[in-house]
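Undergrad: One file: entry-v1.txt (compact mmCIF, C-alpha atoms (C1' of nucleotides)).
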```
# COMPACT_ATOMS: atom_id res chain seq x y z
CA MET X 1 108.39 73.80 79.58
CA ALA X 2 106.55 72.50 82.59
CA ARG X 3 106.08 69.34 84.61
CA LYS X 4 109.34 67.45 84.47
CA THR X 5 109.51 63.72 83.75
CA GLY X 6 108.85 61.53 86.76
CA SER X 7 107.43 64.28 88.92
CA LYS X 8 104.88 63.24 91.51
CA SER X 9 103.04 64.91 94.32
CA GLU X 10 103.82 62.18 96.83
CA ILE X 11 107.50 62.68 96.18
CA THR X 12 107.83 66.44 95.81
CA GLY X 13 105.88 67.26 98.96
CA PRO X 14 108.15 65.38 101.38
CA ARG X 15 111.22 66.52 99.49
CA ILE X 16 110.24 70.13 100.04
CA ARG X 17 109.82 69.55 103.76
CA GLU X 18 113.15 67.75 103.99
CA ALA X 19 114.99 70.50 102.13
CA ALA X 20 113.29 73.21 104.17
CA LEU X 21 114.12 71.48 107.46
CA SER X 22 117.74 71.06 106.52
CA LEU X 23 118.13 74.63 105.28
CA PHE X 24 116.25 76.16 108.22
CA ALA X 25 118.52 74.24 110.59
CA GLN X 26 121.68 75.35 108.83
CA GLN X 27 120.91 78.98 108.09
CA GLY X 28 117.78 79.88 110.00
CA TYR X 29 114.24 80.46 108.80
CA ALA X 30 114.65 84.15 108.00
CA ALA X 31 117.88 83.64 106.10
CA VAL X 32 116.47 80.96 103.79
CA SER X 33 114.48 82.01 100.73
CA MET X 34 111.76 80.09 99.00
CA ARG X 35 113.89 80.11 95.85
CA GLN X 36 116.69 78.48 97.83
CA ILE X 37 114.41 75.71 99.01
CA ALA X 38 113.10 75.25 95.47
CA ARG X 39 116.64 75.02 94.12
CA ALA X 40 117.47 72.29 96.66
CA VAL X 41 114.46 70.30 95.51
CA GLY X 42 115.16 70.95 91.82
CA VAL X 43 112.01 72.88 91.12
CA GLN X 44 110.92 76.48 90.50
CA ALA X 45 109.83 78.63 93.43
CA GLY X 46 106.23 78.80 92.27
CA ALA X 47 105.86 75.03 92.56
CA LEU X 48 106.35 75.19 96.34
CA TYR X 49 102.94 76.80 96.65
CA LEU X 50 101.31 73.63 95.39
CA TYR X 51 102.40 72.05 98.68
CA THR X 52 102.35 74.82 101.24
CA SER X 53 100.18 77.91 101.53
CA ASP X 54 103.13 80.09 102.52
CA LYS X 55 106.57 80.11 104.13
CA GLN X 56 105.18 80.49 107.64
CA SER X 57 103.05 77.36 107.27
CA LEU X 58 106.05 75.45 106.02
CA LEU X 59 107.91 76.27 109.24
CA PHE X 60 104.92 75.64 111.45
CA ASP X 61 104.14 72.27 109.87
CA LEU X 62 107.73 71.13 110.41
CA MET X 63 107.64 72.13 114.06
CA ARG X 64 104.21 70.68 114.72
CA ASP X 65 105.12 67.41 113.06
CA HIS X 66 108.22 67.21 115.23
CA MET X 67 106.30 67.86 118.43
CA ASP X 68 103.55 65.43 117.45
CA GLY X 69 106.14 62.75 116.76
CA LEU X 70 107.86 63.41 120.04
CA LEU X 71 104.65 63.17 122.04
CA ALA X 72 103.53 60.04 120.19
CA ALA X 73 106.86 58.30 120.68
CA SER X 74 106.95 59.33 124.33
CA ALA X 75 103.45 57.96 124.89
CA ALA X 76 104.37 54.73 123.12
CA GLU X 77 107.17 53.97 125.58
CA PRO X 78 106.42 51.04 127.92
CA LYS X 79 105.36 52.28 131.33
CA ALA X 80 107.91 51.30 133.96
CA ALA X 81 106.77 50.41 137.47
CA THR X 82 108.56 52.85 139.78
CA PRO X 83 109.14 56.61 139.46
CA LEU X 84 112.89 55.95 139.44
CA ASP X 85 112.57 53.52 136.54
CA ARG X 86 110.26 55.88 134.72
CA LEU X 87 112.74 58.71 135.16
CA GLN X 88 115.52 56.56 133.79
CA GLN X 89 113.35 55.65 130.84
CA PHE X 90 112.49 59.29 130.19
CA THR X 91 116.15 60.29 130.34
CA ARG X 92 117.21 57.66 127.84
CA PHE X 93 114.26 58.25 125.58
CA HIS X 94 114.75 62.01 125.50
CA ILE X 95 118.45 61.84 124.67
CA LEU X 96 118.16 59.10 122.06
CA TYR X 97 115.09 60.54 120.35
CA HIS X 98 116.59 64.01 120.14
CA LEU X 99 119.97 62.80 118.95
CA GLU X 100 118.28 61.01 116.07
CA ARG X 101 116.71 64.16 114.61
CA PRO X 102 119.03 67.09 115.29
CA ASP X 103 117.62 69.32 112.55
CA ALA X 104 114.03 69.08 113.73
CA VAL X 105 115.10 69.67 117.33
CA PHE X 106 117.24 72.63 116.39
CA VAL X 107 114.53 74.27 114.30
CA SER X 108 111.86 73.63 116.90
CA TYR X 109 113.90 75.37 119.58
CA MET X 110 115.48 78.18 117.59
CA GLU X 111 112.70 79.34 115.33
CA LEU X 112 109.97 79.85 117.89
CA ARG X 113 110.22 83.61 117.53
CA ASN X 114 109.53 83.37 113.81
CA LEU X 115 106.12 81.83 114.38
CA ASN X 116 103.12 84.13 114.33
CA PRO X 117 101.32 84.36 117.70
CA GLU X 118 98.73 81.73 116.89
CA ASN X 119 101.26 79.17 115.69
CA PHE X 120 103.56 79.98 118.59
CA ALA X 121 100.81 79.24 121.07
CA ALA X 122 100.15 75.89 119.41
CA ILE X 123 103.78 74.75 119.57
CA GLU X 124 104.15 76.11 123.07
CA GLY X 125 101.18 74.01 124.14
CA LEU X 126 102.71 70.84 122.75
CA ARG X 127 106.01 71.63 124.42
CA ARG X 128 104.30 72.11 127.77
CA GLN X 129 102.48 68.83 127.26
CA TYR X 130 105.79 67.05 126.84
CA GLU X 131 107.28 68.74 129.88
CA GLN X 132 104.33 67.55 131.92
CA THR X 133 105.21 63.93 131.30
CA LEU X 134 108.49 64.58 133.12
CA GLU X 135 106.87 66.70 135.79
CA ALA X 136 104.39 63.91 136.50
CA ILE X 137 107.24 61.47 137.09
CA LEU X 138 108.95 63.85 139.47
CA LYS X 139 105.73 64.47 141.38
CA ASP X 140 105.13 60.74 141.77
CA GLY X 141 108.63 60.20 143.05
CA LEU X 142 108.26 63.07 145.48
CA ALA X 143 105.00 61.65 146.81
CA GLU X 144 106.62 58.28 147.33
CA GLY X 145 109.61 59.87 149.00
CA VAL X 146 112.18 58.47 146.57
CA PHE X 147 113.02 61.94 145.21
CA ARG X 148 113.83 65.15 147.05
CA LEU X 149 113.46 68.36 145.06
CA PRO X 150 113.40 72.00 146.13
CA ASP X 151 110.93 72.85 143.34
CA THR X 152 109.27 70.41 140.98
CA LYS X 153 108.60 72.88 138.17
CA LEU X 154 112.17 74.19 138.16
CA ALA X 155 113.57 70.69 138.36
CA THR X 156 111.54 69.75 135.29
CA LEU X 157 112.87 72.67 133.29
CA ALA X 158 116.41 72.20 134.59
CA LEU X 159 116.51 68.52 133.64
CA ILE X 160 115.05 69.07 130.19
CA ALA X 161 117.51 71.87 129.47
CA MET X 162 120.33 69.62 130.59
CA LEU X 163 119.19 66.70 128.45
CA THR X 164 118.42 68.73 125.35
CA GLY X 165 121.81 70.38 125.72
CA VAL X 166 123.39 67.18 124.43
CA ASN X 167 122.26 68.16 120.94
CA THR X 168 124.38 71.32 121.01
CA TRP X 169 127.67 69.49 121.28
CA TYR X 170 127.06 65.93 120.05
CA ARG X 171 128.72 65.05 116.77
CA GLN X 172 128.48 61.66 115.10
CA GLY X 173 131.67 59.67 115.40
CA GLY X 174 132.69 61.48 118.57
CA ARG X 175 134.28 60.06 121.70
CA LEU X 176 131.00 58.71 123.06
CA GLY X 177 128.00 57.06 121.42
CA PRO X 178 124.37 57.93 122.25
CA ASP X 179 123.95 54.95 124.56
CA LYS X 180 127.00 55.76 126.62
CA ILE X 181 125.98 59.42 126.78
CA ALA X 182 122.53 58.45 128.02
CA SER X 183 124.11 56.35 130.78
CA ILE X 184 126.36 59.19 131.90
CA TYR X 185 123.49 61.66 131.97
CA TRP X 186 121.30 59.21 133.83
CA ASP X 187 123.92 59.05 136.57
CA MET X 188 123.76 62.82 137.01
CA VAL X 189 119.97 63.02 136.75
CA ARG X 190 119.51 60.27 139.31
CA LYS X 191 121.75 61.99 141.81
CA ALA X 192 120.27 65.44 141.20
CA VAL X 193 116.80 64.30 142.23
CA ALA X 194 117.88 61.81 144.91
CA ALA X 195 116.26 61.97 148.33
CA MET J 196 119.12 118.45 105.87
CA ALA J 197 121.85 116.62 107.71
CA ARG J 198 123.28 116.36 111.19
CA LYS J 199 120.51 117.00 113.66
CA THR J 200 120.96 119.36 116.58
CA GLY J 201 122.69 117.88 119.61
CA SER J 202 123.91 114.74 117.89
CA LYS J 203 127.17 113.30 119.09
CA SER J 204 129.30 110.36 118.18
CA GLU J 205 129.63 109.20 121.78
CA ILE J 206 125.87 108.91 122.01
CA THR J 207 124.89 107.48 118.65
CA GLY J 208 127.43 104.66 118.72
CA PRO J 209 126.15 102.99 121.89
CA ARG J 210 122.56 103.66 120.90
CA ILE J 211 123.08 101.75 117.69
CA ARG J 212 124.50 98.78 119.58
CA GLU J 213 121.64 98.85 122.08
CA ALA J 214 119.01 98.98 119.37
CA ALA J 215 120.72 96.24 117.38
CA LEU J 216 121.01 93.98 120.42
CA SER J 217 117.39 94.44 121.31
CA LEU J 218 116.15 93.88 117.77
CA PHE J 219 118.43 90.91 117.13
CA ALA J 220 117.16 89.31 120.34
CA GLN J 221 113.52 89.87 119.42
CA GLN J 222 113.51 89.02 115.74
CA GLY J 223 116.83 87.43 114.93
CA TYR J 224 119.83 88.78 113.07
CA ALA J 225 118.67 87.77 109.61
CA ALA J 226 115.18 89.18 110.09
CA VAL J 227 116.38 92.62 111.17
CA SER J 228 117.35 95.16 108.51
CA MET J 229 119.83 97.98 108.84
CA ARG J 230 117.00 100.41 108.11
CA GLN J 231 115.07 98.97 111.02
CA ILE J 232 117.98 99.50 113.38
CA ALA J 233 118.43 103.03 112.04
CA ARG J 234 114.76 103.79 112.58
CA ALA J 235 114.99 102.63 116.20
CA VAL J 236 117.91 105.00 116.75
CA GLY J 237 116.24 107.85 114.87
CA VAL J 238 118.77 108.09 112.10
CA GLN J 239 119.09 107.21 108.42
CA ALA J 240 120.52 103.84 107.42
CA GLY J 241 123.66 105.34 105.92
CA ALA J 242 124.65 106.82 109.27
CA LEU J 243 125.10 103.35 110.77
CA TYR J 244 128.19 102.90 108.64
CA LEU J 245 129.91 105.70 110.54
CA TYR J 246 129.93 103.31 113.51
CA THR J 247 130.19 99.84 112.09
CA SER J 248 131.86 98.54 108.96
CA ASP J 249 128.95 96.23 108.16
CA LYS J 250 126.06 94.26 109.62
CA GLN J 251 128.21 91.21 110.35
CA SER J 252 130.64 93.27 112.43
CA LEU J 253 127.75 94.76 114.36
CA LEU J 254 126.66 91.26 115.38
CA PHE J 255 130.16 90.05 116.07
CA ASP J 256 131.03 93.06 118.24
CA LEU J 257 127.91 92.53 120.34
CA MET J 258 128.75 88.88 120.89
CA ARG J 259 132.42 89.47 121.58
CA ASP J 260 131.64 92.25 124.05
CA HIS J 261 129.25 89.94 125.84
CA MET J 262 131.78 87.13 126.07
CA ASP J 263 134.54 89.50 127.15
CA GLY J 264 132.32 90.91 129.88
CA LEU J 265 131.37 87.43 131.02
CA LEU J 266 134.97 86.28 131.24
CA ALA J 267 136.08 89.48 133.00
CA ALA J 268 133.27 89.29 135.55
CA SER J 269 133.94 85.61 136.11
CA ALA J 270 137.64 86.26 136.69
CA ALA J 271 136.84 89.12 139.06
CA GLU J 272 134.89 86.85 141.39
CA PRO J 273 136.63 86.20 144.73
CA LYS J 274 138.30 82.79 144.75
CA ALA J 275 136.66 80.52 147.29
CA ALA J 276 138.76 77.99 149.20
CA THR J 277 137.23 74.59 148.41
CA PRO J 278 136.03 73.12 145.13
CA LEU J 279 132.54 72.84 146.61
CA ASP J 280 132.49 76.53 147.51
CA ARG J 281 133.88 77.44 144.13
CA LEU J 282 131.19 75.40 142.43
CA GLN J 283 128.52 77.15 144.45
CA GLN J 284 130.01 80.50 143.55
CA PHE J 285 130.12 79.58 139.87
CA THR J 286 126.49 78.43 139.94
CA ARG J 287 125.26 81.64 141.55
CA PHE J 288 127.42 83.83 139.37
CA HIS J 289 126.37 82.16 136.15
CA ILE J 290 122.65 82.39 136.87
CA LEU J 291 122.69 85.96 138.17
CA TYR J 292 124.99 87.31 135.46
CA HIS J 293 122.97 85.71 132.69
CA LEU J 294 119.61 86.77 134.10
CA GLU J 295 120.79 90.38 134.11
CA ARG J 296 121.45 90.52 130.37
CA PRO J 297 118.94 88.25 128.64
CA ASP J 298 119.26 89.91 125.21
CA ALA J 299 123.03 89.53 125.01
CA VAL J 300 122.81 85.92 126.19
CA PHE J 301 120.06 85.11 123.73
CA VAL J 302 121.88 86.65 120.79
CA SER J 303 125.19 85.04 121.74
CA TYR J 304 123.61 81.59 121.76
CA MET J 305 121.17 81.86 118.89
CA GLU J 306 123.10 83.77 116.27
CA LEU J 307 126.28 81.70 116.17
CA ARG J 308 125.34 80.32 112.77
CA ASN J 309 125.13 83.82 111.34
CA LEU J 310 128.77 84.51 112.08
CA ASN J 311 131.28 84.03 109.30
CA PRO J 312 133.79 81.22 109.99
CA GLU J 313 136.49 83.51 111.35
CA ASN J 314 134.16 85.32 113.76
CA PHE J 315 132.56 82.03 114.77
CA ALA J 316 135.92 80.62 115.74
CA ALA J 317 136.66 83.67 117.87
CA ILE J 318 133.40 83.46 119.83
CA GLU J 319 133.71 79.71 120.12
CA GLY J 320 137.14 80.16 121.67
CA LEU J 321 135.82 82.56 124.30
CA ARG J 322 132.95 80.21 125.09
CA ARG J 323 135.35 77.32 125.58
CA GLN J 324 137.48 79.49 127.82
CA TYR J 325 134.48 80.15 130.03
CA GLU J 326 133.56 76.47 130.12
CA GLN J 327 137.05 75.65 131.26
CA THR J 328 136.62 77.68 134.43
CA LEU J 329 133.85 75.27 135.40
CA GLU J 330 135.72 72.22 134.19
CA ALA J 331 138.70 73.21 136.34
CA ILE J 332 136.50 73.34 139.42
CA LEU J 333 135.08 69.90 138.68
CA LYS J 334 138.54 68.46 138.12
CA ASP J 335 139.79 69.86 141.42
CA GLY J 336 136.83 68.43 143.28
CA LEU J 337 137.35 65.07 141.62
CA ALA J 338 141.02 65.04 142.61
CA GLU J 339 140.11 65.83 146.19
CA GLY J 340 137.41 63.18 146.20
CA VAL J 341 134.57 65.56 147.07
CA PHE J 342 132.90 65.06 143.67
CA ARG J 343 132.09 61.90 141.78
CA LEU J 344 131.45 62.27 138.08
CA PRO J 345 131.20 59.73 135.28
CA ASP J 346 132.73 62.18 132.79
CA THR J 347 134.14 65.62 133.58
CA LYS J 348 133.68 67.10 130.11
CA LEU J 349 130.08 65.97 129.84
CA ALA J 350 129.32 67.14 133.36
CA THR J 351 130.65 70.57 132.45
CA LEU J 352 128.43 70.84 129.40
CA ALA J 353 125.45 69.36 131.22
CA LEU J 354 125.68 71.80 134.10
CA ILE J 355 126.14 74.83 131.87
CA ALA J 356 123.17 73.85 129.72
CA MET J 357 121.09 73.42 132.86
CA LEU J 358 122.12 76.79 134.28
CA THR J 359 121.77 78.73 131.06
CA GLY J 360 118.37 77.15 130.59
CA VAL J 361 117.04 79.46 133.29
CA ASN J 362 117.09 82.27 130.74
CA THR J 363 114.61 80.48 128.52
CA TRP J 364 111.80 80.54 131.05
CA TYR J 365 112.63 83.31 133.55
CA ARG J 366 110.37 86.35 133.40
CA GLN J 367 110.72 89.34 135.67
CA GLY J 368 108.05 89.48 138.36
CA GLY J 369 107.57 85.71 138.26
CA ARG J 370 107.05 83.34 141.15
CA LEU J 371 110.74 83.24 142.09
CA GLY J 372 113.45 85.89 142.15
CA PRO J 373 116.99 85.34 140.81
CA ASP J 374 118.44 84.69 144.27
CA LYS J 375 115.88 82.04 145.12
CA ILE J 376 116.34 80.44 141.71
CA ALA J 377 120.09 80.30 142.22
CA SER J 378 119.58 78.55 145.55
CA ILE J 379 117.28 75.95 144.06
CA TYR J 380 119.65 75.24 141.20
CA TRP J 381 122.59 75.03 143.56
CA ASP J 382 120.78 72.29 145.44
CA MET J 383 120.46 70.24 142.25
CA VAL J 384 123.99 70.97 141.06
CA ARG J 385 125.49 70.01 144.39
CA LYS J 386 123.70 66.70 144.43
CA ALA J 387 124.43 65.93 140.77
CA VAL J 388 128.19 66.06 141.33
CA ALA J 389 128.19 64.64 144.88
CA ALA J 390 130.57 61.81 145.71
C1' DC P 391 132.99 135.59 113.61
C1' DT P 392 134.82 132.46 110.64
C1' DG P 393 136.91 128.14 108.77
C1' DG P 394 137.31 123.19 109.28
C1' DG P 395 136.02 118.84 110.32
C1' DA P 396 132.71 115.66 112.37
C1' DA P 397 128.10 113.80 111.75
C1' DA P 398 124.19 112.88 109.16
C1' DT P 399 121.30 112.87 104.93
C1' DG P 400 119.02 110.86 101.01
C1' DA P 401 119.47 109.15 96.61
C1' DA P 402 121.31 105.51 94.11
C1' DC P 403 123.04 100.69 93.14
C1' DA P 404 122.36 95.88 91.80
C1' DG P 405 120.10 92.33 93.31
C1' DG P 406 116.85 89.61 96.32
C1' DT P 407 112.05 88.91 98.75
C1' DG P 408 107.35 86.12 99.06
C1' DT P 409 103.66 85.27 96.29
C1' DT P 410 100.42 84.94 92.16
C1' DC P 411 98.92 83.32 87.78
C1' DA P 412 98.36 82.38 82.85
C1' DT P 413 100.45 78.93 80.39
C1' DA P 414 102.59 74.51 79.16
C1' DT P 415 103.45 69.80 79.76
C1' DA P 416 103.50 64.88 81.26
C1' DA P 417 100.91 61.30 83.36
C1' DA P 418 96.51 58.79 84.18
C1' DC P 419 92.14 57.28 82.72
C1' DT P 420 88.52 56.11 79.39
C1' DA K 421 94.45 57.05 70.90
C1' DG K 422 92.42 60.96 72.85
C1' DT K 423 90.98 63.62 76.82
C1' DT K 424 91.29 65.14 81.30
C1' DT K 425 93.80 66.57 85.26
C1' DA K 426 97.60 67.03 88.27
C1' DT K 427 102.05 69.13 88.23
C1' DA K 428 105.24 72.45 87.02
C1' DT K 429 107.06 76.71 84.66
C1' DG K 430 108.62 81.44 84.28
C1' DA K 431 107.38 86.01 84.10
C1' DA K 432 105.55 89.55 86.74
C1' DC K 433 104.30 92.22 91.07
C1' DA K 434 105.57 95.64 94.53
C1' DC K 435 108.75 96.12 97.74
C1' DC K 436 112.87 95.33 100.63
C1' DT K 437 118.11 94.28 101.06
C1' DG K 438 123.13 95.94 102.53
C1' DT K 439 126.14 99.32 101.27
C1' DT K 440 128.28 103.61 99.10
C1' DC K 441 128.87 108.45 98.41
C1' DA K 442 128.34 113.28 97.07
C1' DT K 443 126.20 116.68 99.57
C1' DT K 444 124.52 119.23 103.49
C1' DT K 445 124.33 120.65 108.17
C1' DC K 446 125.89 121.63 112.73
C1' DC K 447 129.36 122.17 116.36
C1' DC K 448 133.60 123.77 118.02
C1' DA K 449 138.35 125.85 117.95
C1' DG K 450 140.84 129.85 116.78
```
In structure tokens, write the structure found in this file.

TA:
Amino acid sequence: MARKTGSKSEITGPRIREAALSLFAQQGYAAVSMRQIARAVGVQAGALYLYTSDKQSLLFDLMRDHMDGLLAASAAEPKAATPLDRLQQFTRFHILYHLERPDAVFVSYMELRNLNPENFAAIEGLRRQYEQTLEAILKDGLAEGVFRLPDTKLATLALIAMLTGVNTWYRQGGRLGPDKIASIYWDMVRKAVAA
Amino acid sequence: MARKTGSKSEITGPRIREAALSLFAQQGYAAVSMRQIARAVGVQAGALYLYTSDKQSLLFDLMRDHMDGLLAASAAEPKAATPLDRLQQFTRFHILYHLERPDAVFVSYMELRNLNPENFAAIEGLRRQYEQTLEAILKDGLAEGVFRLPDTKLATLALIAMLTGVNTWYRQGGRLGPDKIASIYWDMVRKAVAA
DNA sequence: CTGGGAAATGAACAGGTGTTCATATAAACT
DNA sequence: AGTTTATATGAACACCTGTTCATTTCCCAG
């Protein structure tokens, strides 16, 4: 037997990526086998290689797509007038965007060490690019005197770690919804950088 | 051949844990084989089972030891008088303690999903216990009116994520030493919770 | 100097790994 | 209806996995 009824490239490809993302998030890249991914899709392991050159590329593509999406969505946000407004917008955007795709966020943060050096450098570059959008806001606010920070670079990393941390404890149906959480975090962010 | 000259139980045991911790931190629990750990120690794979019942226990013991050490060191800190001083002490302690043992911290945060449910619950309990030392400080400061926080629980998690985040970017010999970093973070923490 | 026990070996077990490829099949096009 | 082509199979490859255990070696107590 071969080629099941109703099988199509445009369907199987995305399904493989979805299954891989979900499994990588749950069990980790190294702990998930290609046969396991294939089973989740309902296909034999060999068929995966029609859609990805190897397991490493499967991981890398997932991470790069996530970072590309993040940067595109970030760039598409309307530009607020003041540094304070832009910081508020960044805070809300970061929390809401990350809460909407927990698997991709988790994989992109946890599986960095499973990328080969070349792929690691690529993802690292995209991550730095995203961090710079926040750093630029902080620098502007500093120049205008509306923020006071002991160290812009450290403040950038500290704020991002704080915001991304939401993903580690947030569970759907919990005490607080994403919007409320974003408001609470904005209160702390605003004060942390205040002049 | 068997039993090399000069081999002792009191030496091999710790060496296995050190090698496992280092390898788990670098490559991840699932990606590291027992033979790899044995090779790093200079022993055959079978010998590992004289010191651990299985791979899972090896991971769990490393994580539990780390959490026990963290809680013990935290409890041994001198108790400052005011909530503000206690918060400063917690901030400094957390950053310095974590920067001193990056491998144990990394493994304890990244390998939670590789614990079986029972072991996971145990580590989770210790982690919550540690978080409560910070939450207690925040609650005291709130009661005394020296802090103003929209949500104590979220502030606890936000601050810990921010502080632990230092480990993700800190490299020895970098621009700033641990003490300076702790000062900078304290400035942001203090402002974030200020009344 | 010898016996006993601790410490380590190395082979074996049953099964899993990523990846390739000749082959088979279903869908799409003429 | 018949042919081409994309899509999938399933067997095979060489090797690695965690764990067990009979056997061997070395150290130490008497």

Undergrad: Work out how far apart atom CA of Tyr246 of chain J and atom CA of His261 of chain J are and give it in Å to one decimal.

TA: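 Computed distance, atom CA of Tyr246 of chain J to atom CA of His261 of chain J, equals 18.2 Å.
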
Undergrad: List every protein, DNA or RNA residue that has at least one atom no more than 12 Å from (133.4, 89.5, 126.1) in the file's coordinates, counting only C-alpha atoms (C1' of nucleotides), and write the result as a compact mmCIF listing (two decimals) with C-alpha atoms, in the frame of the given file.

TA:
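After the write, point08.txt holds the following:
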```
# COMPACT_ATOMS: atom_id res chain seq x y z
CA PHE J 255 130.16 90.05 116.07
CA ASP J 256 131.03 93.06 118.24
CA LEU J 257 127.91 92.53 120.34
CA MET J 258 128.75 88.88 120.89
CA ARG J 259 132.42 89.47 121.58
CA ASP J 260 131.64 92.25 124.05
CA HIS J 261 129.25 89.94 125.84
CA MET J 262 131.78 87.13 126.07
CA ASP J 263 134.54 89.50 127.15
CA GLY J 264 132.32 90.91 129.88
CA LEU J 265 131.37 87.43 131.02
CA LEU J 266 134.97 86.28 131.24
CA ALA J 267 136.08 89.48 133.00
CA ALA J 268 133.27 89.29 135.55
CA SER J 269 133.94 85.61 136.11
CA ALA J 270 137.64 86.26 136.69
CA ALA J 299 123.03 89.53 125.01
CA VAL J 300 122.81 85.92 126.19
CA SER J 303 125.19 85.04 121.74
CA ALA J 317 136.66 83.67 117.87
CA ILE J 318 133.40 83.46 119.83
CA GLU J 319 133.71 79.71 120.12
CA GLY J 320 137.14 80.16 121.67
CA LEU J 321 135.82 82.56 124.30
CA ARG J 322 132.95 80.21 125.09
CA GLN J 324 137.48 79.49 127.82
CA TYR J 325 134.48 80.15 130.03
```

Undergrad: Kindly provide, as JSON, the centre and edge lengths (Å, one decimal) of an axis-aligned box around all atoms of segment 150-154 of chain X given in the file, with 6 Å on each side.

TA:
```
{"center_x": 111.0, "center_y": 72.3, "center_z": 142.1, "size_x": 16.8, "size_y": 15.8, "size_z": 20.0}
```

Undergrad: Go through X:Arg171, X:Thr12, X:Glu18, X:Ala25 and flag the residue nearest Gln44 of chain X, using all atoms listed in the file for the distances.

TA: X:Thr12

Undergrad: Could you give me, as CSV, a per-residue list for chain K showing, wherever an atom lies at most 10 Å from an atom of chain J, the closest pair of atoms and their distance in Å to one decimal, using only C-alpha atoms (C1' of nucleotides) and sorting by chain then residue number from low to high?

TA:
```
residue,atom,partner,partner_atom,distance
K:DC436,C1',J:Ser228,CA,9.1
K:DT437,C1',J:Ser228,CA,7.5
K:DG438,C1',J:Met229,CA,7.4
K:DT439,C1',J:Gly241,CA,8.0
K:DT440,C1',J:Gly241,CA,8.4
K:DC441,C1',J:Gly241,CA,9.7
K:DT443,C1',J:Ala197,CA,9.2
K:DT444,C1',J:Ala197,CA,5.6
K:DT445,C1',J:Ala197,CA,4.8
K:DC446,C1',J:Arg198,CA,6.1
K:DC447,C1',J:Gly201,CA,8.6
```

Undergrad: Chain P residues within 9 Å of chain J, counting only C-alpha atoms (C1' of nucleotides): which ones, as a short mmCIF file (atom, residue, chain, number, x, y, z; two decimals) with C-alpha atoms (C1' of nucleotides), keeping the file's coordinate frame?

TA:
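What follows is the written file result_19.cif:
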```cif
data_model
loop_
_atom_site.label_atom_id
_atom_site.label_comp_id
_atom_site.auth_asym_id
_atom_site.auth_seq_id
_atom_site.Cartn_x
_atom_site.Cartn_y
_atom_site.Cartn_z
"C1'" DA P 396 132.71 115.66 112.37
"C1'" DA P 397 128.10 113.80 111.75
"C1'" DA P 398 124.19 112.88 109.16
"C1'" DT P 399 121.30 112.87 104.93
"C1'" DG P 400 119.02 110.86 101.01
#
```

Undergrad: For a test of reading the model, state the distance in Å between atom CA of Val236 of chain J and atom CA of Ala215 of chain J, rounded to one decimal.

TA: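 A separation of 9.2 Å between them.
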
Undergrad: List every residue of chain X that has an atom at most 6 Å from any atom of chain J, and for each one report the closest atom pair and its distance in Å to one decimal, counting only C-alpha atoms, with rows sorted by chain and then by increasing residue number, as JSON lines.

TA:
```
{"residue": "X:Ala30", "atom": "CA", "partner": "J:Ala226", "partner_atom": "CA", "distance": 5.5}
{"residue": "X:Ala31", "atom": "CA", "partner": "J:Ala225", "partner_atom": "CA", "distance": 5.5}
{"residue": "X:Pro150", "atom": "CA", "partner": "J:Ile379", "partner_atom": "CA", "distance": 5.9}
{"residue": "X:Ala158", "atom": "CA", "partner": "J:Met357", "partner_atom": "CA", "distance": 5.1}
{"residue": "X:Ala161", "atom": "CA", "partner": "J:Met357", "partner_atom": "CA", "distance": 5.2}
{"residue": "X:Met162", "atom": "CA", "partner": "J:Met357", "partner_atom": "CA", "distance": 4.5}
{"residue": "X:Gly165", "atom": "CA", "partner": "J:Ala356", "partner_atom": "CA", "distance": 5.5}
{"residue": "X:Ile184", "atom": "CA", "partner": "J:Pro345", "partner_atom": "CA", "distance": 5.9}
{"residue": "X:Met188", "atom": "CA", "partner": "J:Ala387", "partner_atom": "CA", "distance": 4.9}
{"residue": "X:Lys191", "atom": "CA", "partner": "J:Ala387", "partner_atom": "CA", "distance": 4.9}
{"residue": "X:Ala192", "atom": "CA", "partner": "J:Ala387", "partner_atom": "CA", "distance": 4.2}
```

Undergrad: Please compute the atom CA of Ile206 of chain J-atom CA of Arg234 of chain J distance, one decimal, in Å.

TA: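 So the answer is 15.4 Å.
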
Undergrad: Please provide as a list in words all residues within 12 Å of DG393 of chain P, with the sequence filter that same-chain residues fewer than 6 positions apart are discarded (counting all atoms listed in the file).

TA: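 Residues meeting the cut-off are DC448, DA449 and DG450 of chain K.
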
Undergrad: Out of J:Gly340, J:Gly237, J:Pro278, J:Pro312, which residue has the shortest atom-to-atom distance to Ile211 of chain J when counting all atoms listed in the file?

TA: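 The shortest atom-to-atom distance to Ile211 of chain J comes from J:Gly237.
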
Undergrad: Choose the residue, out of P:DC391, P:DT420, P:DA402, P:DG408, that has the smallest atom-to-atom separation from DA421 of chain K; count all atoms listed in the file.

TA: P:DT420
